[in-house]
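Q: Got a structure for you, coords.cif, holding mmCIF, C-alpha atoms.
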```
data_upload
loop_
_atom_site.label_atom_id
_atom_site.label_comp_id
_atom_site.auth_asym_id
_atom_site.auth_seq_id
_atom_site.Cartn_x
_atom_site.Cartn_y
_atom_site.Cartn_z
CA ASN Y 130 94.86 116.61 172.21
CA GLN Y 131 92.47 119.47 173.00
CA PRO Y 132 95.20 121.79 174.43
CA MET Y 133 97.36 121.06 171.38
CA LEU Y 134 94.52 121.91 168.99
CA ARG Y 135 93.85 125.15 170.90
CA PHE Y 136 97.54 126.00 170.63
CA PHE Y 137 97.56 125.55 166.83
CA ARG Y 138 94.29 127.50 166.52
CA GLN Y 139 95.75 130.45 168.46
CA ILE Y 140 98.82 130.49 166.21
CA ARG Y 141 96.60 130.55 163.10
CA GLN Y 142 94.49 133.39 164.45
CA ARG Y 143 97.58 135.42 165.44
CA LEU Y 144 99.13 135.05 162.00
CA LEU Y 145 95.92 136.04 160.23
CA THR Y 146 95.39 138.98 162.56
CA ASN Y 147 98.90 140.26 161.91
CA SER Y 148 98.40 139.84 158.13
CA LYS Y 149 101.39 137.52 157.94
CA PHE Y 150 99.87 135.44 155.11
CA SER Y 151 103.11 133.88 153.86
CA LYS Y 152 103.96 132.65 157.32
CA TYR Y 153 100.43 131.33 157.67
CA VAL Y 154 100.79 129.35 154.45
CA LEU Y 155 104.04 127.83 155.72
CA TYR Y 156 102.39 127.06 159.01
CA ALA Y 157 99.39 125.47 157.26
CA ILE Y 158 101.71 123.29 155.18
CA GLY Y 159 103.60 122.29 158.29
CA GLU Y 160 100.36 121.42 160.04
CA ILE Y 161 99.27 119.26 157.08
CA VAL Y 162 102.63 117.51 157.11
CA LEU Y 163 102.27 116.83 160.82
CA VAL Y 164 98.76 115.43 160.32
CA VAL Y 165 99.92 113.20 157.45
CA LEU Y 166 102.89 112.00 159.50
CA GLY Y 167 100.56 111.26 162.39
CA ILE Y 168 98.26 109.23 160.14
CA LEU Y 169 101.21 107.33 158.62
CA ILE Y 170 102.65 106.57 162.07
CA ALA Y 171 99.23 105.39 163.28
CA LEU Y 172 98.84 103.16 160.21
CA GLN Y 173 102.34 101.77 160.71
CA ILE Y 174 101.62 100.98 164.35
CA ASN Y 175 98.32 99.36 163.35
CA ASN Y 176 100.06 97.26 160.67
CA TRP Y 177 102.76 96.25 163.12
CA ASN Y 178 100.16 95.16 165.68
CA GLU Y 179 98.21 93.26 163.02
CA ASN Y 180 101.36 91.51 161.76
CA ARG Y 181 102.30 90.57 165.31
CA ILE Y 182 98.82 89.10 165.92
CA ASN Y 183 98.91 87.20 162.60
CA SER Y 184 102.40 85.92 163.42
CA ARG Y 185 101.14 84.53 166.71
CA ARG Y 186 98.14 82.93 165.00
CA GLU Y 187 100.42 81.48 162.34
CA LYS Y 188 102.68 79.96 164.99
CA VAL Y 189 99.73 78.46 166.91
CA ILE Y 190 98.16 76.90 163.82
CA LEU Y 191 101.50 75.57 162.50
CA ASN Y 192 102.21 73.89 165.84
CA SER Y 193 98.73 72.38 165.78
CA LEU Y 194 99.24 71.24 162.18
CA LYS Y 195 102.60 69.76 163.16
CA SER Y 196 100.94 67.66 165.89
CA GLU Y 197 98.29 66.51 163.40
CA LEU Y 198 100.91 65.54 160.82
CA ILE Y 199 102.89 63.55 163.40
CA ILE Y 200 99.75 61.54 164.23
CA ASN Y 201 99.14 60.92 160.52
CA LEU Y 202 102.79 59.98 159.95
CA ASN Y 203 102.65 57.41 162.76
CA GLU Y 204 99.54 55.84 161.24
CA LEU Y 205 101.10 55.90 157.77
CA ASN Y 206 104.21 54.10 159.02
CA THR Y 207 102.11 51.49 160.85
CA ASP Y 208 99.92 50.88 157.80
CA TYR Y 209 103.00 50.78 155.57
CA GLU Y 210 104.61 48.05 157.71
CA ARG Y 211 101.38 46.04 157.70
CA THR Y 212 101.04 46.43 153.93
CA ILE Y 213 104.58 45.11 153.50
CA GLU Y 214 103.60 42.09 155.61
CA PHE Y 215 100.42 41.49 153.59
CA HIS Y 216 102.29 41.96 150.31
CA GLN Y 217 104.94 39.41 151.30
CA ALA Y 218 102.24 36.98 152.43
CA THR Y 219 100.54 37.28 149.04
CA ILE Y 220 103.85 36.59 147.27
CA ASN Y 221 104.41 33.57 149.52
CA VAL Y 222 101.00 32.11 148.68
CA TYR Y 223 101.62 32.70 144.99
CA ASP Y 224 104.91 30.78 145.39
CA PHE Y 225 102.98 27.89 146.99
CA ILE Y 226 100.90 27.65 143.82
CA GLN Y 227 103.98 27.70 141.61
CA LYS Y 228 106.11 25.25 143.64
CA LYS Y 229 103.30 23.14 145.18
CA PRO Y 230 105.02 22.20 148.46
CA MET Y 231 103.41 19.91 151.05
CA GLU Y 232 100.78 21.59 153.23
CA MET Y 233 102.23 22.89 156.52
CA GLU Y 234 100.78 24.87 159.42
CA SER Y 235 103.35 27.62 158.83
CA MET Y 236 101.46 28.47 155.61
CA TYR Y 237 98.20 29.30 157.37
CA LYS Y 238 99.22 32.77 158.53
CA ASP Y 239 100.14 33.69 154.95
CA PHE Y 240 96.80 32.37 153.70
CA PHE Y 241 95.01 34.69 156.13
CA ASN Y 242 97.24 37.72 155.52
CA CYS Y 243 97.09 37.49 151.74
CA VAL Y 244 93.49 38.76 151.80
CA GLN Y 245 93.97 41.50 154.43
CA PHE Y 246 94.08 45.24 153.73
CA THR Y 247 94.98 48.39 155.64
CA TYR Y 248 92.58 51.32 156.03
CA PHE Y 249 94.13 54.78 156.37
CA PHE Y 250 91.96 57.47 158.00
CA PRO Y 251 93.97 60.72 158.10
CA LYS Y 252 93.29 63.30 160.79
CA THR Y 253 92.52 66.56 158.96
CA SER Y 254 90.64 68.84 161.38
CA THR Y 255 93.46 71.40 161.73
CA TYR Y 256 94.07 71.49 157.99
CA GLU Y 257 90.35 71.96 157.30
CA THR Y 258 90.31 74.91 159.70
CA LEU Y 259 93.38 76.32 157.97
CA LYS Y 260 91.87 75.80 154.53
CA SER Y 261 88.59 77.55 155.38
CA GLY Y 262 89.96 81.08 155.29
CA ASN Y 263 93.21 80.91 157.26
CA LEU Y 264 95.58 79.46 154.65
CA GLU Y 265 96.95 82.94 153.89
CA LEU Y 266 98.19 83.15 157.49
CA ILE Y 267 101.13 81.02 156.33
CA ARG Y 268 103.27 83.69 154.74
CA THR Y 269 105.70 81.42 152.88
CA ASP Y 270 104.40 80.18 149.53
CA SER Y 271 106.64 77.09 149.46
CA LEU Y 272 105.47 75.95 152.91
CA ARG Y 273 101.84 76.59 152.04
CA GLU Y 274 102.23 74.56 148.84
CA ILE Y 275 103.84 71.52 150.48
CA ILE Y 276 101.16 71.44 153.22
CA THR Y 277 98.42 71.59 150.59
CA ASP Y 278 100.13 68.89 148.51
CA VAL Y 279 100.37 66.49 151.49
CA TYR Y 280 96.69 66.80 152.36
CA GLU Y 281 95.10 67.31 148.95
CA THR Y 282 97.29 64.90 146.96
CA GLY Y 283 99.19 62.49 149.21
CA PHE Y 284 96.48 61.65 151.76
CA LYS Y 285 93.67 61.66 149.20
CA ARG Y 286 95.64 59.37 146.88
CA ILE Y 287 96.01 56.77 149.63
CA VAL Y 288 92.37 57.11 150.74
CA ASN Y 289 91.24 56.62 147.15
CA LYS Y 290 93.50 53.57 146.82
CA VAL Y 291 92.02 52.21 150.06
CA ASP Y 292 88.57 52.51 148.51
CA THR Y 293 89.82 50.76 145.38
CA ARG Y 294 91.38 47.94 147.42
CA ARG Y 295 88.16 47.66 149.42
CA ASN Y 296 86.28 47.11 146.15
CA ALA Y 297 88.83 44.49 145.13
CA ALA Y 298 88.33 42.80 148.49
CA ARG Y 299 84.72 42.15 147.51
CA LEU Y 300 86.15 39.63 145.04
CA LEU Y 301 88.95 38.29 147.21
CA PHE Y 302 87.08 37.90 150.49
CA PRO Y 303 84.18 35.84 149.09
CA TYR Y 304 86.74 33.46 147.60
CA TYR Y 305 88.53 33.23 150.94
CA GLN Y 306 85.27 32.69 152.84
CA LYS Y 307 84.34 29.88 150.46
CA HIS Y 308 87.67 28.04 150.54
CA PHE Y 309 89.15 28.75 154.00
CA LYS Y 310 88.29 28.52 157.66
CA THR Y 311 89.59 31.32 159.93
CA LYS Y 312 90.90 30.26 163.31
CA PHE Y 313 92.16 32.15 166.36
CA LEU Y 314 95.43 31.04 167.89
CA LYS Y 315 97.36 32.24 170.93
CA ASP Y 316 101.09 32.77 171.33
CA ARG Y 317 103.50 34.56 173.64
CA ASP Y 318 105.66 37.58 172.91
CA LYS Y 319 109.31 36.47 172.88
CA VAL Y 320 110.43 39.70 174.56
CA GLY Y 321 107.72 40.58 177.07
CA PHE Y 322 106.26 37.05 177.22
CA ARG Y 323 102.79 38.56 176.91
CA GLU Y 324 100.06 36.43 175.43
CA TYR Y 325 98.47 37.63 172.21
CA GLU Y 326 95.97 36.31 169.67
CA PHE Y 327 96.39 36.03 165.92
CA MET Y 328 94.36 34.58 163.08
CA ILE Y 329 95.18 31.97 160.45
CA GLY Y 330 93.42 30.76 157.32
CA VAL Y 331 93.13 26.98 157.02
CA PRO Y 332 92.31 25.78 153.48
CA ASN Y 333 89.34 23.44 153.04
CA ASN Y 334 91.12 21.72 150.15
CA TYR Y 335 94.79 22.60 149.77
CA THR Y 336 95.26 20.60 146.54
CA PHE Y 337 92.34 22.36 144.91
CA LEU Y 338 93.80 25.79 145.79
CA LEU Y 339 97.15 24.94 144.23
CA ASN Y 340 95.45 24.18 140.91
CA ASP Y 341 92.69 26.80 140.84
CA PRO Y 342 93.37 29.45 138.13
CA GLU Y 343 90.83 31.83 139.74
CA PHE Y 344 92.82 31.91 142.99
CA GLU Y 345 96.06 32.44 141.07
CA THR Y 346 94.53 35.33 139.11
CA LEU Y 347 93.28 37.00 142.31
CA LEU Y 348 96.72 36.65 143.88
CA VAL Y 349 98.49 38.21 140.86
CA GLU Y 350 96.07 41.14 140.97
CA ALA Y 351 96.63 41.55 144.72
CA ILE Y 352 100.44 41.44 144.38
CA SER Y 353 100.39 44.14 141.70
CA GLY Y 354 97.93 46.29 143.63
CA ARG Y 355 99.89 46.04 146.88
CA ALA Y 356 103.17 46.95 145.16
CA ASN Y 357 101.52 50.07 143.75
CA PHE Y 358 100.02 50.82 147.16
CA LEU Y 359 103.44 50.56 148.82
CA ARG Y 360 104.90 53.11 146.40
CA ASP Y 361 102.12 55.55 147.31
CA TYR Y 362 102.80 55.02 151.01
CA GLU Y 363 106.54 55.57 150.54
CA ARG Y 364 106.03 58.78 148.55
CA THR Y 365 103.48 60.18 151.01
CA ILE Y 366 105.63 59.32 154.05
CA ARG Y 367 108.58 61.15 152.47
CA ASN Y 368 106.41 64.19 151.74
CA VAL Y 369 105.00 64.29 155.28
CA GLU Y 370 108.52 64.05 156.73
CA LEU Y 371 109.65 66.87 154.41
CA CYS Y 372 106.64 68.96 155.40
CA LEU Y 373 107.39 68.49 159.11
CA SER Y 374 111.02 69.41 158.52
CA GLN Y 375 110.02 72.62 156.71
CA ILE Y 376 107.56 73.56 159.46
CA ASN Y 377 110.25 73.04 162.11
CA LYS Y 378 112.75 75.20 160.19
CA TYR Y 379 110.14 77.92 159.71
CA LEU Y 380 109.14 77.95 163.39
CA ASP Y 381 112.79 78.06 164.48
CA LYS Y 382 113.47 81.28 162.57
#
```
Could the structure of this file be written out as structure tokens, please?

A:
Amino acid sequence: NQPMLRFFRQIRQRLLTNSKFSKYVLYAIGEIVLVVLGILIALQINNWNENRINSRREKVILNSLKSELIINLNELNTDYERTIEFHQATINVYDFIQKKPMEMESMYKDFFNCVQFTYFFPKTSTYETLKSGNLELIRTDSLREIITDVYETGFKRIVNKVDTRRNAARLLFPYYQKHFKTKFLKDRDKVGFREYEFMIGVPNNYTFLLNDPEFETLLVEAISGRANFLRDYERTIRNVELCLSQINKYLDK
């Protein structure tokens, strides 16, 4: 740069010495233009480098978020299947009260499952990192919105429902503990023939349960609550799947 500056300085001095003012003015304008162009090119290169760095950071954090969402989706699907099982068990027990069949051992698993609940604990560490100052790294508004909706609405709705169901369990569990005995049984997997344990609820007085309005009321409340819970799971699972699909499409571009 120093030789170049000396070169321009010599030209300026020569023009001034020779009293060629008009040429000097043109030269000065040309020099200003060159300086401005140099600054603009430098800024463009700087912006290009910054965009490239942000693009890499965006890709890294989206891949990390994708892994986190897959973990959450797996847990959601597992909890959803278990909630379906518990919901059906609750309906079965309610049917026992309505139809009053003879007591059978096959009922005991439903008695135990009708008071069980799932507990969803979403993994959110990557999203929290993204939310604390890096959310703007995701350059597409629609993708940013669906990610935020999954975590801030979908996951929080289910967690809040879990808390609500946990409060309801404070009514249901004491009733169960008073009127049932929990037992461990063993069975074998029909496919792998592996032994596994499961629990059943054996009623202390089956006839009393069939005619107890308190138990019937608790069951009706549980059936309604579980049906609502299942709808939340279904909606959130769909949104997580959509979010993953959008992330994949974005990363493939």

Q: Taking a cut-off of 7 Å and counting all atoms listed in the file, can you build a table that, for each residue of range 230-252 of chain Y near range 186-208 of chain Y, reports the nearest atom pair and how far apart they are in Å (one decimal), sorted by chain then residue number, as JSON lines?

A:
```
{"residue": "Y:Thr247", "atom": "CA", "partner": "Y:Asp208", "partner_atom": "CA", "distance": 5.9}
{"residue": "Y:Pro251", "atom": "CA", "partner": "Y:Asn201", "partner_atom": "CA", "distance": 5.7}
{"residue": "Y:Lys252", "atom": "CA", "partner": "Y:Asn201", "partner_atom": "CA", "distance": 6.3}
```

Q: Name all residues at most 8 Å from Gly283 in chain Y (count only C-alpha atoms; drop same-chain ones fewer than 5 positions away) and give them as a list of chain:residue names.

A: Y:Asp278, Y:Asp361, Y:Arg364, Y:Thr365, Y:Asn368

Q: Between CA of Ala356 in chain Y and CA of Ile213 in chain Y, what is the distance, to one decimal in Å?

A: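 Separation of CA of Ala356 in chain Y and CA of Ile213 in chain Y: 8.7 Å.
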
Q: Choose the residue, out of Y:Thr336, Y:Arg355, Y:Cys372, Y:Lys312, that has the smallest atom-to-atom separation from Ile275 in chain Y; count all atoms listed in the file.

A: Y:Cys372

Q: Counting all atoms listed in the file, which of Y:Asn242, Y:Gln375, Y:Thr253, Y:Ser235 gets nearest to Ile220 in chain Y?

A: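 Closest to Ile220 in chain Y of all the choices is Y:Asn242.
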
Q: Which of these, Y:Phe284, Y:His216, Y:Phe337, Y:Phe313, has the shortest distance to Tyr325 in chain Y once you count all atoms listed in the file?

A: Y:Phe313

Q: I need the output of the PyMOL selection byres ((chain Y and resi 268) around 12) for this file as a list in words; which residues are they?

A: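 Expected selection for the PyMOL selection byres ((chain Y and resi 268) around 12) here is Asn180, Asn183, Ser184, Arg186, Glu187, Lys188, Leu191, Asn263, Leu264, Glu265, Leu266, Ile267, Thr269, Asp270, Ser271, Leu272, Arg273, Glu274, Ile376, Tyr379 and Leu380 of chain Y.
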
Q: As an exercise, work out the distance from CA of Phe249 in chain Y to CA of Asn357 in chain Y in Å and give it to one decimal place.

A: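 The value is 15.4 Å.
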
Q: Give me the box for range 303-318 of chain Y as lines of an AutoDock Vina configuration file, namely the centre and edge lengths in Å to one decimal of a box along x, y and z that holds every listed atom plus 5 Å on each side.

A:
```
center_x = 94.9
center_y = 32.8
center_z = 160.6
size_x = 31.5
size_y = 19.5
size_z = 36.0
```

Q: Please measure the separation of CA of Gly330 in chain Y and CA of Asp239 in chain Y, giving the value in Å to one decimal.

A: 7.7 Å

Q: List the spatial neighbours of range 244-246 of chain Y as JSON, numbers by chain - criterion: any atom at most 7 Å away, only C-alpha atoms, same-chain residues fewer than 2 positions off excluded.

A: {"Y": [215, 241, 242, 248, 301, 302]}

Q: Which residue, Y:Ile226, Y:Leu314, Y:Ile276, Y:Val288, has the smallest gap to Ser374 in chain Y when you use all atoms listed in the file?

A: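 Of Y:Ile226, Y:Leu314, Y:Ile276, Y:Val288, the one nearest Ser374 in chain Y, counting all atoms listed in the file, is Y:Ile276.
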
Q: Using all atoms listed in the file, determine which residues lie at most 10 Å from Lys238 in chain Y, disregarding the query and same-chain residues fewer than 6 positions distant; provide the list as a list in words.

A: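 Residues near the query, excluding close chain neighbours: Ala218, Thr311, Lys312, Phe327, Met328, Ile329, Gly330 and Val331 of chain Y.
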
Q: Using only C-alpha atoms, find the one residue out of Y:Val222, Y:Val369, Y:Met236, Y:Ile168 that sits nearest to Leu339 in chain Y.

A: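 Of the candidates, the smallest distance to Leu339 in chain Y is held by Y:Val222.
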
Q: Here is a test: counting only C-alpha atoms, which residue of Y:Gln306, Y:Asn289, Y:Asn334, Y:Ser353 is nearest to Phe250 in chain Y?

A: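 With only C-alpha atoms as the atom set, the closest residue is Y:Asn289.
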
Q: Got a sec to resolve the PyMOL selection byres ((chain Y and resi 223) around 12) on this structure and send the residues as JSON, numbers by chain?

A: {"Y": [216, 217, 218, 219, 220, 221, 222, 224, 225, 226, 227, 228, 229, 230, 236, 239, 240, 243, 338, 339, 340, 341, 342, 344, 345, 346, 347, 348, 349, 350, 351, 352, 353]}
